[in-house]
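J.: So here's data28.pdb (PDB, C-alpha atoms and all ligand atoms).
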```pdb
ATOM      1  CA  MET A   1     -13.922 -26.698  -4.809  1.00  0.00           C
ATOM      2  CA  VAL A   2     -15.664 -23.375  -5.452  1.00  0.00           C
ATOM      3  CA  VAL A   3     -13.841 -20.209  -4.496  1.00  0.00           C
ATOM      4  CA  SER A   4     -16.123 -19.413  -1.555  1.00  0.00           C
ATOM      5  CA  GLU A   5     -15.188 -22.722   0.073  1.00  0.00           C
ATOM      6  CA  LYS A   6     -11.470 -22.126  -0.172  1.00  0.00           C
ATOM      7  CA  ILE A   7      -9.414 -22.174   2.987  1.00  0.00           C
ATOM      8  CA  LYS A   8      -8.319 -18.648   3.864  1.00  0.00           C
ATOM      9  CA  VAL A   9      -4.901 -17.990   5.309  1.00  0.00           C
ATOM     10  CA  VAL A  10      -4.127 -14.538   6.668  1.00  0.00           C
ATOM     11  CA  ALA A  11      -0.664 -13.484   7.768  1.00  0.00           C
ATOM     12  CA  PHE A  12      -0.294 -10.709  10.327  1.00  0.00           C
ATOM     13  CA  VAL A  13       3.235  -9.430   9.904  1.00  0.00           C
ATOM     14  CA  GLY A  14       4.682  -7.587  12.902  1.00  0.00           C
ATOM     15  CA  SER A  15       7.915  -6.331  11.371  1.00  0.00           C
ATOM     16  CA  PRO A  16       8.125  -2.749  10.140  1.00  0.00           C
ATOM     17  CA  ARG A  17      10.927  -3.734   7.736  1.00  0.00           C
ATOM     18  CA  ARG A  18       9.557  -4.389   4.260  1.00  0.00           C
ATOM     19  CA  GLY A  19      11.442  -7.157   2.521  1.00  0.00           C
ATOM     20  CA  GLY A  20      12.810  -8.182   5.901  1.00  0.00           C
ATOM     21  CA  ASN A  21      13.264 -11.620   7.370  1.00  0.00           C
ATOM     22  CA  THR A  22       9.772 -11.852   8.827  1.00  0.00           C
ATOM     23  CA  GLU A  23       8.111 -10.954   5.550  1.00  0.00           C
ATOM     24  CA  ILE A  24      10.317 -13.329   3.565  1.00  0.00           C
ATOM     25  CA  LEU A  25       9.492 -16.178   5.943  1.00  0.00           C
ATOM     26  CA  VAL A  26       5.787 -15.394   5.724  1.00  0.00           C
ATOM     27  CA  ASP A  27       5.936 -15.169   1.923  1.00  0.00           C
ATOM     28  CA  GLU A  28       7.292 -18.723   1.758  1.00  0.00           C
ATOM     29  CA  ILE A  29       4.397 -20.060   3.835  1.00  0.00           C
ATOM     30  CA  LEU A  30       1.882 -18.088   1.775  1.00  0.00           C
ATOM     31  CA  THR A  31       3.395 -19.225  -1.531  1.00  0.00           C
ATOM     32  CA  GLY A  32       3.098 -22.844  -0.426  1.00  0.00           C
ATOM     33  CA  ALA A  33      -0.456 -22.300   0.802  1.00  0.00           C
ATOM     34  CA  GLU A  34      -1.495 -20.638  -2.439  1.00  0.00           C
ATOM     35  CA  GLU A  35       0.020 -23.494  -4.438  1.00  0.00           C
ATOM     36  CA  SER A  36      -2.104 -25.901  -2.464  1.00  0.00           C
ATOM     37  CA  GLY A  37      -5.279 -23.985  -3.281  1.00  0.00           C
ATOM     38  CA  ALA A  38      -5.752 -21.672  -0.312  1.00  0.00           C
ATOM     39  CA  LEU A  39      -6.696 -18.012  -0.549  1.00  0.00           C
ATOM     40  CA  VAL A  40      -3.934 -15.990   1.069  1.00  0.00           C
ATOM     41  CA  GLU A  41      -3.532 -12.474   2.345  1.00  0.00           C
ATOM     42  CA  LYS A  42      -0.655 -10.621   3.972  1.00  0.00           C
ATOM     43  CA  ILE A  43      -1.277  -7.773   6.386  1.00  0.00           C
ATOM     44  CA  ILE A  44       1.602  -5.477   7.293  1.00  0.00           C
ATOM     45  CA  LEU A  45       0.526  -4.273  10.725  1.00  0.00           C
ATOM     46  CA  ASN A  46       2.983  -1.378  10.657  1.00  0.00           C
ATOM     47  CA  GLU A  47       1.131   0.129   7.717  1.00  0.00           C
ATOM     48  CA  LEU A  48      -2.180   0.187   9.549  1.00  0.00           C
ATOM     49  CA  ASP A  49      -3.484   2.350  12.338  1.00  0.00           C
ATOM     50  CA  ILE A  50      -3.747  -0.012  15.308  1.00  0.00           C
ATOM     51  CA  LYS A  51      -3.739   1.872  18.549  1.00  0.00           C
ATOM     52  CA  PRO A  52      -2.754   0.200  21.804  1.00  0.00           C
ATOM     53  CA  CYS A  53      -5.540  -1.045  24.080  1.00  0.00           C
ATOM     54  CA  GLN A  54      -6.529   1.668  26.570  1.00  0.00           C
ATOM     55  CA  ALA A  55      -7.908  -0.762  29.166  1.00  0.00           C
ATOM     56  CA  CYS A  56     -11.025   1.411  29.377  1.00  0.00           C
ATOM     57  CA  ASP A  57     -13.244  -1.691  29.415  1.00  0.00           C
ATOM     58  CA  GLY A  58     -15.520   0.051  26.937  1.00  0.00           C
ATOM     59  CA  CYS A  59     -15.736  -3.325  25.193  1.00  0.00           C
ATOM     60  CA  LYS A  60     -17.286  -4.822  28.324  1.00  0.00           C
ATOM     61  CA  ASN A  61     -20.163  -2.372  28.189  1.00  0.00           C
ATOM     62  CA  SER A  62     -20.835  -2.742  24.477  1.00  0.00           C
ATOM     63  CA  ASP A  63     -20.066  -5.441  21.958  1.00  0.00           C
ATOM     64  CA  SER A  64     -17.117  -3.680  20.383  1.00  0.00           C
ATOM     65  CA  CYS A  65     -14.023  -1.622  21.069  1.00  0.00           C
ATOM     66  CA  ILE A  66     -14.498   2.113  21.382  1.00  0.00           C
ATOM     67  CA  ILE A  67     -11.265   2.870  19.492  1.00  0.00           C
ATOM     68  CA  ASP A  68     -11.955   3.876  15.916  1.00  0.00           C
ATOM     69  CA  ASP A  69      -9.047   2.624  13.828  1.00  0.00           C
ATOM     70  CA  ASP A  70      -8.082  -0.153  11.396  1.00  0.00           C
ATOM     71  CA  MET A  71      -8.699  -2.966  13.878  1.00  0.00           C
ATOM     72  CA  GLU A  72     -12.283  -3.178  12.699  1.00  0.00           C
ATOM     73  CA  GLN A  73     -11.238  -4.196   9.180  1.00  0.00           C
ATOM     74  CA  LEU A  74      -8.832  -6.762  10.625  1.00  0.00           C
ATOM     75  CA  GLU A  75     -11.601  -8.328  12.667  1.00  0.00           C
ATOM     76  CA  VAL A  76     -13.426  -9.150   9.438  1.00  0.00           C
ATOM     77  CA  LYS A  77     -10.331 -10.834   8.022  1.00  0.00           C
ATOM     78  CA  MET A  78      -9.765 -12.715  11.278  1.00  0.00           C
ATOM     79  CA  GLU A  79     -13.331 -13.939  11.291  1.00  0.00           C
ATOM     80  CA  GLU A  80     -13.292 -15.086   7.667  1.00  0.00           C
ATOM     81  CA  SER A  81     -10.019 -17.020   7.780  1.00  0.00           C
ATOM     82  CA  GLN A  82      -9.258 -20.472   9.123  1.00  0.00           C
ATOM     83  CA  VAL A  83      -5.499 -20.013   9.484  1.00  0.00           C
ATOM     84  CA  TRP A  84      -3.663 -17.070  11.010  1.00  0.00           C
ATOM     85  CA  ILE A  85       0.065 -16.647  10.662  1.00  0.00           C
ATOM     86  CA  LEU A  86       1.346 -14.550  13.549  1.00  0.00           C
ATOM     87  CA  ALA A  87       4.755 -13.311  12.488  1.00  0.00           C
ATOM     88  CA  THR A  88       7.171 -11.161  14.403  1.00  0.00           C
ATOM     89  CA  PRO A  89      10.873 -10.546  14.719  1.00  0.00           C
ATOM     90  CA  ILE A  90      12.244 -10.844  18.231  1.00  0.00           C
ATOM     91  CA  TYR A  91      12.666  -7.395  19.741  1.00  0.00           C
ATOM     92  CA  TRP A  92      14.257  -7.436  23.190  1.00  0.00           C
ATOM     93  CA  TRP A  93      13.272 -11.077  23.743  1.00  0.00           C
ATOM     94  CA  GLY A  94       9.638 -10.233  23.001  1.00  0.00           C
ATOM     95  CA  PRO A  95       7.405  -9.646  19.992  1.00  0.00           C
ATOM     96  CA  SER A  96       7.478  -6.348  18.104  1.00  0.00           C
ATOM     97  CA  ALA A  97       5.251  -3.548  19.410  1.00  0.00           C
ATOM     98  CA  GLN A  98       3.197  -3.785  16.224  1.00  0.00           C
ATOM     99  CA  LEU A  99       2.261  -7.431  16.817  1.00  0.00           C
ATOM    100  CA  LYS A 100       1.759  -6.917  20.559  1.00  0.00           C
ATOM    101  CA  ALA A 101      -0.579  -3.964  19.991  1.00  0.00           C
ATOM    102  CA  PHE A 102      -2.610  -6.129  17.604  1.00  0.00           C
ATOM    103  CA  ILE A 103      -2.792  -8.995  20.114  1.00  0.00           C
ATOM    104  CA  ASP A 104      -3.673  -6.666  22.997  1.00  0.00           C
ATOM    105  CA  ARG A 105      -6.659  -5.450  20.988  1.00  0.00           C
ATOM    106  CA  TRP A 106      -8.016  -9.012  20.991  1.00  0.00           C
ATOM    107  CA  TYR A 107      -9.117  -8.110  24.528  1.00  0.00           C
ATOM    108  CA  GLY A 108     -12.036  -6.220  23.056  1.00  0.00           C
ATOM    109  CA  ILE A 109     -13.244  -9.076  20.853  1.00  0.00           C
ATOM    110  CA  TYR A 110     -12.273 -12.398  22.400  1.00  0.00           C
ATOM    111  CA  GLY A 111     -15.630 -12.810  24.121  1.00  0.00           C
ATOM    112  CA  GLY A 112     -17.390 -13.168  20.774  1.00  0.00           C
ATOM    113  CA  GLY A 113     -16.263 -16.740  20.161  1.00  0.00           C
ATOM    114  CA  MET A 114     -14.307 -15.985  16.999  1.00  0.00           C
ATOM    115  CA  PHE A 115     -11.010 -17.378  18.279  1.00  0.00           C
ATOM    116  CA  LYS A 116     -11.970 -20.925  19.177  1.00  0.00           C
ATOM    117  CA  GLY A 117     -10.561 -23.440  16.703  1.00  0.00           C
ATOM    118  CA  LYS A 118      -8.506 -20.966  14.648  1.00  0.00           C
ATOM    119  CA  ASN A 119      -5.327 -22.556  13.354  1.00  0.00           C
ATOM    120  CA  ILE A 120      -2.185 -20.680  14.200  1.00  0.00           C
ATOM    121  CA  ILE A 121       1.289 -20.633  12.700  1.00  0.00           C
ATOM    122  CA  LEU A 122       4.027 -18.720  14.470  1.00  0.00           C
ATOM    123  CA  ALA A 123       6.837 -17.355  12.292  1.00  0.00           C
ATOM    124  CA  ILE A 124       9.672 -15.769  14.228  1.00  0.00           C
ATOM    125  CA  PRO A 125      13.111 -14.683  13.014  1.00  0.00           C
ATOM    126  CA  MET A 126      15.760 -13.334  15.385  1.00  0.00           C
ATOM    127  CA  GLY A 127      19.306 -12.073  15.193  1.00  0.00           C
ATOM    128  CA  ASP A 128      20.658 -14.349  17.908  1.00  0.00           C
ATOM    129  CA  SER A 129      21.834 -17.748  16.765  1.00  0.00           C
ATOM    130  CA  ASN A 130      20.274 -19.407  19.836  1.00  0.00           C
ATOM    131  CA  GLU A 131      16.564 -20.047  19.336  1.00  0.00           C
ATOM    132  CA  LYS A 132      16.051 -19.919  23.108  1.00  0.00           C
ATOM    133  CA  THR A 133      16.001 -16.158  22.574  1.00  0.00           C
ATOM    134  CA  ALA A 134      12.428 -16.630  21.362  1.00  0.00           C
ATOM    135  CA  ARG A 135      11.281 -18.464  24.501  1.00  0.00           C
ATOM    136  CA  HIS A 136       9.324 -15.616  26.079  1.00  0.00           C
ATOM    137  CA  THR A 137       7.627 -14.718  22.808  1.00  0.00           C
ATOM    138  CA  VAL A 138       6.747 -18.323  22.037  1.00  0.00           C
ATOM    139  CA  GLY A 139       5.619 -18.887  25.638  1.00  0.00           C
ATOM    140  CA  MET A 140       3.385 -15.836  25.606  1.00  0.00           C
ATOM    141  CA  MET A 141       1.900 -16.872  22.272  1.00  0.00           C
ATOM    142  CA  ILE A 142       1.284 -20.469  23.348  1.00  0.00           C
ATOM    143  CA  ASP A 143      -0.389 -19.371  26.593  1.00  0.00           C
ATOM    144  CA  SER A 144      -2.622 -16.988  24.622  1.00  0.00           C
ATOM    145  CA  ILE A 145      -3.417 -19.671  22.029  1.00  0.00           C
ATOM    146  CA  ASN A 146      -4.385 -22.149  24.754  1.00  0.00           C
ATOM    147  CA  TYR A 147      -6.404 -19.571  26.662  1.00  0.00           C
ATOM    148  CA  LEU A 148      -8.411 -18.762  23.547  1.00  0.00           C
ATOM    149  CA  HIS A 149      -8.825 -22.448  22.550  1.00  0.00           C
ATOM    150  CA  MET A 150      -7.005 -21.969  19.313  1.00  0.00           C
ATOM    151  CA  ASN A 151      -4.911 -24.642  17.649  1.00  0.00           C
ATOM    152  CA  LEU A 152      -1.162 -24.211  17.207  1.00  0.00           C
ATOM    153  CA  LEU A 153      -0.251 -25.835  13.891  1.00  0.00           C
ATOM    154  CA  GLU A 154       3.462 -25.056  13.815  1.00  0.00           C
ATOM    155  CA  THR A 155       6.147 -22.740  15.073  1.00  0.00           C
ATOM    156  CA  ILE A 156       8.878 -21.745  12.655  1.00  0.00           C
ATOM    157  CA  LEU A 157      11.850 -20.098  14.299  1.00  0.00           C
ATOM    158  CA  ALA A 158      14.690 -18.579  12.326  1.00  0.00           C
ATOM    159  CA  PRO A 159      17.647 -17.859  14.609  1.00  0.00           C
ATOM    160  CA  GLY A 160      20.722 -16.163  13.192  1.00  0.00           C
ATOM    161  CA  ALA A 161      18.803 -13.919  10.801  1.00  0.00           C
ATOM    162  CA  TYR A 162      19.807 -10.373  11.609  1.00  0.00           C
ATOM    163  CA  SER A 163      20.338  -8.114   8.623  1.00  0.00           C
ATOM    164  CA  LEU A 164      17.775  -7.272   5.961  1.00  0.00           C
ATOM    165  CA  GLY A 165      16.993 -10.397   3.958  1.00  0.00           C
ATOM    166  CA  GLU A 166      19.647 -12.526   5.663  1.00  0.00           C
ATOM    167  CA  ILE A 167      17.083 -15.301   6.047  1.00  0.00           C
ATOM    168  CA  LYS A 168      17.472 -15.983   2.298  1.00  0.00           C
ATOM    169  CA  ASN A 169      20.610 -17.914   3.264  1.00  0.00           C
ATOM    170  CA  HIS A 170      18.555 -20.155   5.556  1.00  0.00           C
ATOM    171  CA  THR A 171      17.399 -22.460   2.803  1.00  0.00           C
ATOM    172  CA  GLU A 172      16.306 -25.266   5.105  1.00  0.00           C
ATOM    173  CA  THR A 173      14.050 -22.954   7.135  1.00  0.00           C
ATOM    174  CA  LEU A 174      12.533 -21.457   3.992  1.00  0.00           C
ATOM    175  CA  GLU A 175      11.894 -24.924   2.551  1.00  0.00           C
ATOM    176  CA  LYS A 176      10.234 -25.932   5.812  1.00  0.00           C
ATOM    177  CA  ALA A 177       8.068 -22.798   5.647  1.00  0.00           C
ATOM    178  CA  LYS A 178       7.026 -23.475   2.055  1.00  0.00           C
ATOM    179  CA  SER A 179       6.175 -27.104   2.663  1.00  0.00           C
ATOM    180  CA  LEU A 180       4.194 -26.140   5.749  1.00  0.00           C
ATOM    181  CA  GLY A 181       2.172 -23.837   3.495  1.00  0.00           C
ATOM    182  CA  GLN A 182       1.711 -26.593   0.927  1.00  0.00           C
ATOM    183  CA  ASP A 183       0.425 -28.918   3.676  1.00  0.00           C
ATOM    184  CA  ILE A 184      -1.903 -26.441   5.344  1.00  0.00           C
ATOM    185  CA  ILE A 185      -5.124 -27.713   3.810  1.00  0.00           C
ATOM    186  CA  LYS A 186      -4.243 -31.292   4.776  1.00  0.00           C
ATOM    187  CA  ARG A 187      -3.163 -30.176   8.256  1.00  0.00           C
ATOM    188  CA  ILE A 188      -6.442 -28.521   9.105  1.00  0.00           C
ATOM    189  CA  ALA A 189      -8.776 -31.001   7.386  1.00  0.00           C
TER
HETATM  190  C1  LIG B 201      14.505  -2.971  18.267  1.00  0.00           C
HETATM  191  C2  LIG B 201      15.155  -4.289  17.942  1.00  0.00           C
HETATM  192  C3  LIG B 201      15.365  -5.183  18.966  1.00  0.00           C
HETATM  193  C4  LIG B 201      15.927  -6.440  18.687  1.00  0.00           C
HETATM  194  N1  LIG B 201      16.089  -7.326  19.722  1.00  0.00           N
HETATM  195  C5  LIG B 201      16.578  -8.559  19.459  1.00  0.00           C
HETATM  196  C6  LIG B 201      16.708  -9.523  20.506  1.00  0.00           C
HETATM  197  O1  LIG B 201      16.386  -9.290  21.680  1.00  0.00           O
HETATM  198  N2  LIG B 201      17.211 -10.755  20.187  1.00  0.00           N
HETATM  199  C7  LIG B 201      17.568 -11.072  18.903  1.00  0.00           C
HETATM  200  O2  LIG B 201      17.994 -12.197  18.683  1.00  0.00           O
HETATM  201  N3  LIG B 201      17.447 -10.181  17.889  1.00  0.00           N
HETATM  202  C8  LIG B 201      16.959  -8.947  18.141  1.00  0.00           C
HETATM  203  N4  LIG B 201      16.808  -8.042  17.106  1.00  0.00           N
HETATM  204  C9  LIG B 201      17.139  -8.451  15.727  1.00  0.00           C
HETATM  205  C10 LIG B 201      15.904  -8.881  14.933  1.00  0.00           C
HETATM  206  O3  LIG B 201      15.159  -9.878  15.603  1.00  0.00           O
HETATM  207  C11 LIG B 201      16.339  -9.428  13.571  1.00  0.00           C
HETATM  208  O4  LIG B 201      17.079  -8.447  12.884  1.00  0.00           O
HETATM  209  C12 LIG B 201      15.139  -9.884  12.727  1.00  0.00           C
HETATM  210  O5  LIG B 201      15.593 -10.659  11.658  1.00  0.00           O
HETATM  211  C13 LIG B 201      14.386  -8.698  12.188  1.00  0.00           C
HETATM  212  O6  LIG B 201      13.372  -9.134  11.342  1.00  0.00           O
HETATM  213  P1  LIG B 201      12.926  -8.263  10.073  1.00  0.00           P
HETATM  214  O7  LIG B 201      14.019  -8.353   9.065  1.00  0.00           O
HETATM  215  O8  LIG B 201      11.665  -8.857   9.617  1.00  0.00           O
HETATM  216  O9  LIG B 201      12.708  -6.876  10.563  1.00  0.00           O
HETATM  217  C14 LIG B 201      16.295  -6.773  17.362  1.00  0.00           C
HETATM  218  C15 LIG B 201      16.110  -5.836  16.329  1.00  0.00           C
HETATM  219  C16 LIG B 201      15.555  -4.607  16.616  1.00  0.00           C
HETATM  220  C17 LIG B 201      15.341  -3.609  15.493  1.00  0.00           C
END
```
If you convert what's in this file into structure tokens, what do you get?
Ligand SMILES: Cc1cc2nc3c(=O)[nH]c(=O)nc-3n(C[C@H](O)[C@H](O)[C@H](O)COP(=O)(O)O)c2cc1C

T.:
Amino acid sequence: MVVSEKIKVVAFVGSPRRGGNTEILVDEILTGAEESGALVEKIILNELDIKPCQACDGCKNSDSCIIDDDMEQLEVKMEESQVWILATPIYWWGPSAQLKAFIDRWYGIYGGGMFKGKNIILAIPMGDSNEKTARHTVGMMIDSINYLHMNLLETILAPGAYSLGEIKNHTETLEKAKSLGQDIIKRIA
């Protein structure tokens, strides 16, 4: 397979905490995916300038968003990749503001047909030991995925991961994440 034909996997990480549970979980998926021959990239949303949607409907009168920030460069990465990892810690039963701001900005671009058929992995750690804590976040993501005709490949929840790096003790979850990455090419073939 030549490089240009490689499957591209992009992770959009919604946690501001570098080396945190969300990033560790994502790294496992990406390591597996890279091992299996995919091109991988990790985007730390908190380190980019992604302003919240202003609901100005400027995007309805032109073919792009009127906000001039880093979303434009993300659109290119979204377009070019076949698999998106949407990763967020649970904050107050919902996704982090960083991930939500990113998703809200899809409003300006979803009409262009880029979303249909994208393969999605959800990666979601949370402090609570009951994974039901993620139900609103997962529900909101699944409704959005269905609305945009995307394809949910897998949801990896990591309950009981609170402090920085605590997820390293969750060996089963990390193994699951890595083997999901290793299987990605097969899963989307
Ligand atoms: C602002 C904030 C709100 C949080 N709200 C919840 C919550 O509602 N339920 C929960 O289980 N954990 C909650 N947590 C804990 C995080 O989900 C948990 O620490 C997670 O592992 C953080 O991921 P990170 O290490 O990638 O930042 C919250 C943490 C913060 C900072």

J.: Looking at only C-alpha atoms, which of A:Gly108, A:Gly94, A:Gly160, A:Pro89 is the one that sits closest to Gly20 (chain A)?

T.: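 Looking only at the distances to Gly20 (chain A), the closest residue turns out to be A:Pro89.
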
J.: At what distance in Å, to one decimal, does CA of Tyr91 (chain A) lie from atom C1 of ligand LIG 201 (chain B)?

T.: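 Pair atom C1 of ligand LIG 201 (chain B) / CA of Tyr91 (chain A) returns 5.0 Å.
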
J.: What's around region 6-9 of chain A at 9 Å? Count only C-alpha atoms, leave out sequence neighbours fewer than 3 positions away in its own chain, and write the answer as a ChimeraX atom specification.

T.: /A:1-3,30,33-34,37-42,80-85,184-185

J.: What is the CA of Lys176 (chain A)-atom O1 of ligand LIG 201 (chain B) distance in Å, reported with one decimal?

T.: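 Between CA of Lys176 (chain A) and atom O1 of ligand LIG 201 (chain B) the gap is 23.8 Å.
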
J.: Of the residues A:Cys53, A:Met114, A:Ala161, A:Ala97, which is the one nearest to ligand LIG 201 (chain B), using all atoms listed in the file?

T.: A:Ala161

J.: Taking all atoms listed in the file into account, report as a CSV table (one decimal) with C-alpha atoms, in the coordinates of the input which residues have an atom no farther than 12 Å from an atom of ligand LIG 201 (chain B).

T.:
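Just written: out_5.csv:
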```csv
chain,number,residue,atom,x,y,z
A,13,VAL,CA,3.2,-9.4,9.9
A,14,GLY,CA,4.7,-7.6,12.9
A,15,SER,CA,7.9,-6.3,11.4
A,16,PRO,CA,8.1,-2.7,10.1
A,17,ARG,CA,10.9,-3.7,7.7
A,18,ARG,CA,9.6,-4.4,4.3
A,19,GLY,CA,11.4,-7.2,2.5
A,20,GLY,CA,12.8,-8.2,5.9
A,21,ASN,CA,13.3,-11.6,7.4
A,22,THR,CA,9.8,-11.9,8.8
A,23,GLU,CA,8.1,-11.0,5.6
A,24,ILE,CA,10.3,-13.3,3.6
A,25,LEU,CA,9.5,-16.2,5.9
A,26,VAL,CA,5.8,-15.4,5.7
A,27,ASP,CA,5.9,-15.2,1.9
A,44,ILE,CA,1.6,-5.5,7.3
A,46,ASN,CA,3.0,-1.4,10.7
A,87,ALA,CA,4.8,-13.3,12.5
A,88,THR,CA,7.2,-11.2,14.4
A,89,PRO,CA,10.9,-10.5,14.7
A,90,ILE,CA,12.2,-10.8,18.2
A,91,TYR,CA,12.7,-7.4,19.7
A,92,TRP,CA,14.3,-7.4,23.2
A,93,TRP,CA,13.3,-11.1,23.7
A,94,GLY,CA,9.6,-10.2,23.0
A,95,PRO,CA,7.4,-9.6,20.0
A,96,SER,CA,7.5,-6.3,18.1
A,97,ALA,CA,5.3,-3.5,19.4
A,98,GLN,CA,3.2,-3.8,16.2
A,99,LEU,CA,2.3,-7.4,16.8
A,123,ALA,CA,6.8,-17.4,12.3
A,124,ILE,CA,9.7,-15.8,14.2
A,125,PRO,CA,13.1,-14.7,13.0
A,126,MET,CA,15.8,-13.3,15.4
A,127,GLY,CA,19.3,-12.1,15.2
A,128,ASP,CA,20.7,-14.3,17.9
A,129,SER,CA,21.8,-17.7,16.8
A,130,ASN,CA,20.3,-19.4,19.8
A,131,GLU,CA,16.6,-20.0,19.3
A,132,LYS,CA,16.1,-19.9,23.1
A,133,THR,CA,16.0,-16.2,22.6
A,134,ALA,CA,12.4,-16.6,21.4
A,135,ARG,CA,11.3,-18.5,24.5
A,136,HIS,CA,9.3,-15.6,26.1
A,137,THR,CA,7.6,-14.7,22.8
A,157,LEU,CA,11.8,-20.1,14.3
A,158,ALA,CA,14.7,-18.6,12.3
A,159,PRO,CA,17.6,-17.9,14.6
A,160,GLY,CA,20.7,-16.2,13.2
A,161,ALA,CA,18.8,-13.9,10.8
A,162,TYR,CA,19.8,-10.4,11.6
A,163,SER,CA,20.3,-8.1,8.6
A,164,LEU,CA,17.8,-7.3,6.0
A,165,GLY,CA,17.0,-10.4,4.0
A,166,GLU,CA,19.6,-12.5,5.7
A,167,ILE,CA,17.1,-15.3,6.0
A,168,LYS,CA,17.5,-16.0,2.3
A,170,HIS,CA,18.6,-20.2,5.6
```

J.: What is the distance between CA of Ala101 (chain A) and CA of Ile50 (chain A), in Å to one decimal?

T.: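 That distance, rounded to one decimal, is 6.9 Å.
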
J.: A:Glu28, A:Leu122, A:Arg105, A:Met141: which is nearest Thr171 (chain A), counting all atoms listed in the file?

T.: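 The answer is A:Glu28, which sits nearest to Thr171 (chain A).
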
J.: Spell out the residues picked by the PyMOL selection byres (((chain A and resi 150) around 8) and not hetatm) here, as a list of chain:residue names.

T.: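 That selection, the PyMOL selection byres (((chain A and resi 150) around 8) and not hetatm), comes back as A:Phe115, A:Lys116, A:Gly117, A:Lys118, A:Asn119, A:Ile120, A:Ile145, A:Asn146, A:Tyr147, A:Leu148, A:His149, A:Asn151, A:Leu152.
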
J.: Which polymer residues have any atom within 12 Å of an atom of Ile67 (chain A), counting all atoms listed in the file, with same-chain residues fewer than 2 positions away left out, as a list in words?

T.: Asp49, Ile50, Lys51, Pro52, Cys53, Gln54, Ala55, Cys56, Asp57, Gly58, Cys59, Ser64, Cys65, Asp69, Asp70, Met71, Glu72, Arg105 and Gly108 of chain A

J.: How big is the axis-aligned box around the listed atoms of region 82-85 of chain A once 6 Å is added on each side, and where is its centre? Give both in Å to one decimal, as AutoDock Vina command-line options.

T.:
```
--center_x -4.6 --center_y -18.6 --center_z 10.1 --size_x 21.3 --size_y 15.8 --size_z 13.9
```

J.: From (4.2, -24.9, 2.3), in the file's coordinates, out to 8 Å: which residues are reached, counting all atoms listed in the file? Answer as an MDAnalysis selection string.

T.: chainID A and resid 28:33 36 175:184

J.: I'd like to know which of A:Tyr107, A:Leu86, A:Met140, A:Phe102 is closest to Leu153 (chain A), using all atoms listed in the file.

T.: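 Nearest to Leu153 (chain A): A:Leu86.
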
J.: Just checking: using only C-alpha atoms, which residue out of A:Met78, A:Ala11, A:Ile66, A:Ile103 ends up closest to Ser144 (chain A)?

T.: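 The closest residue to Ser144 (chain A) is A:Ile103.
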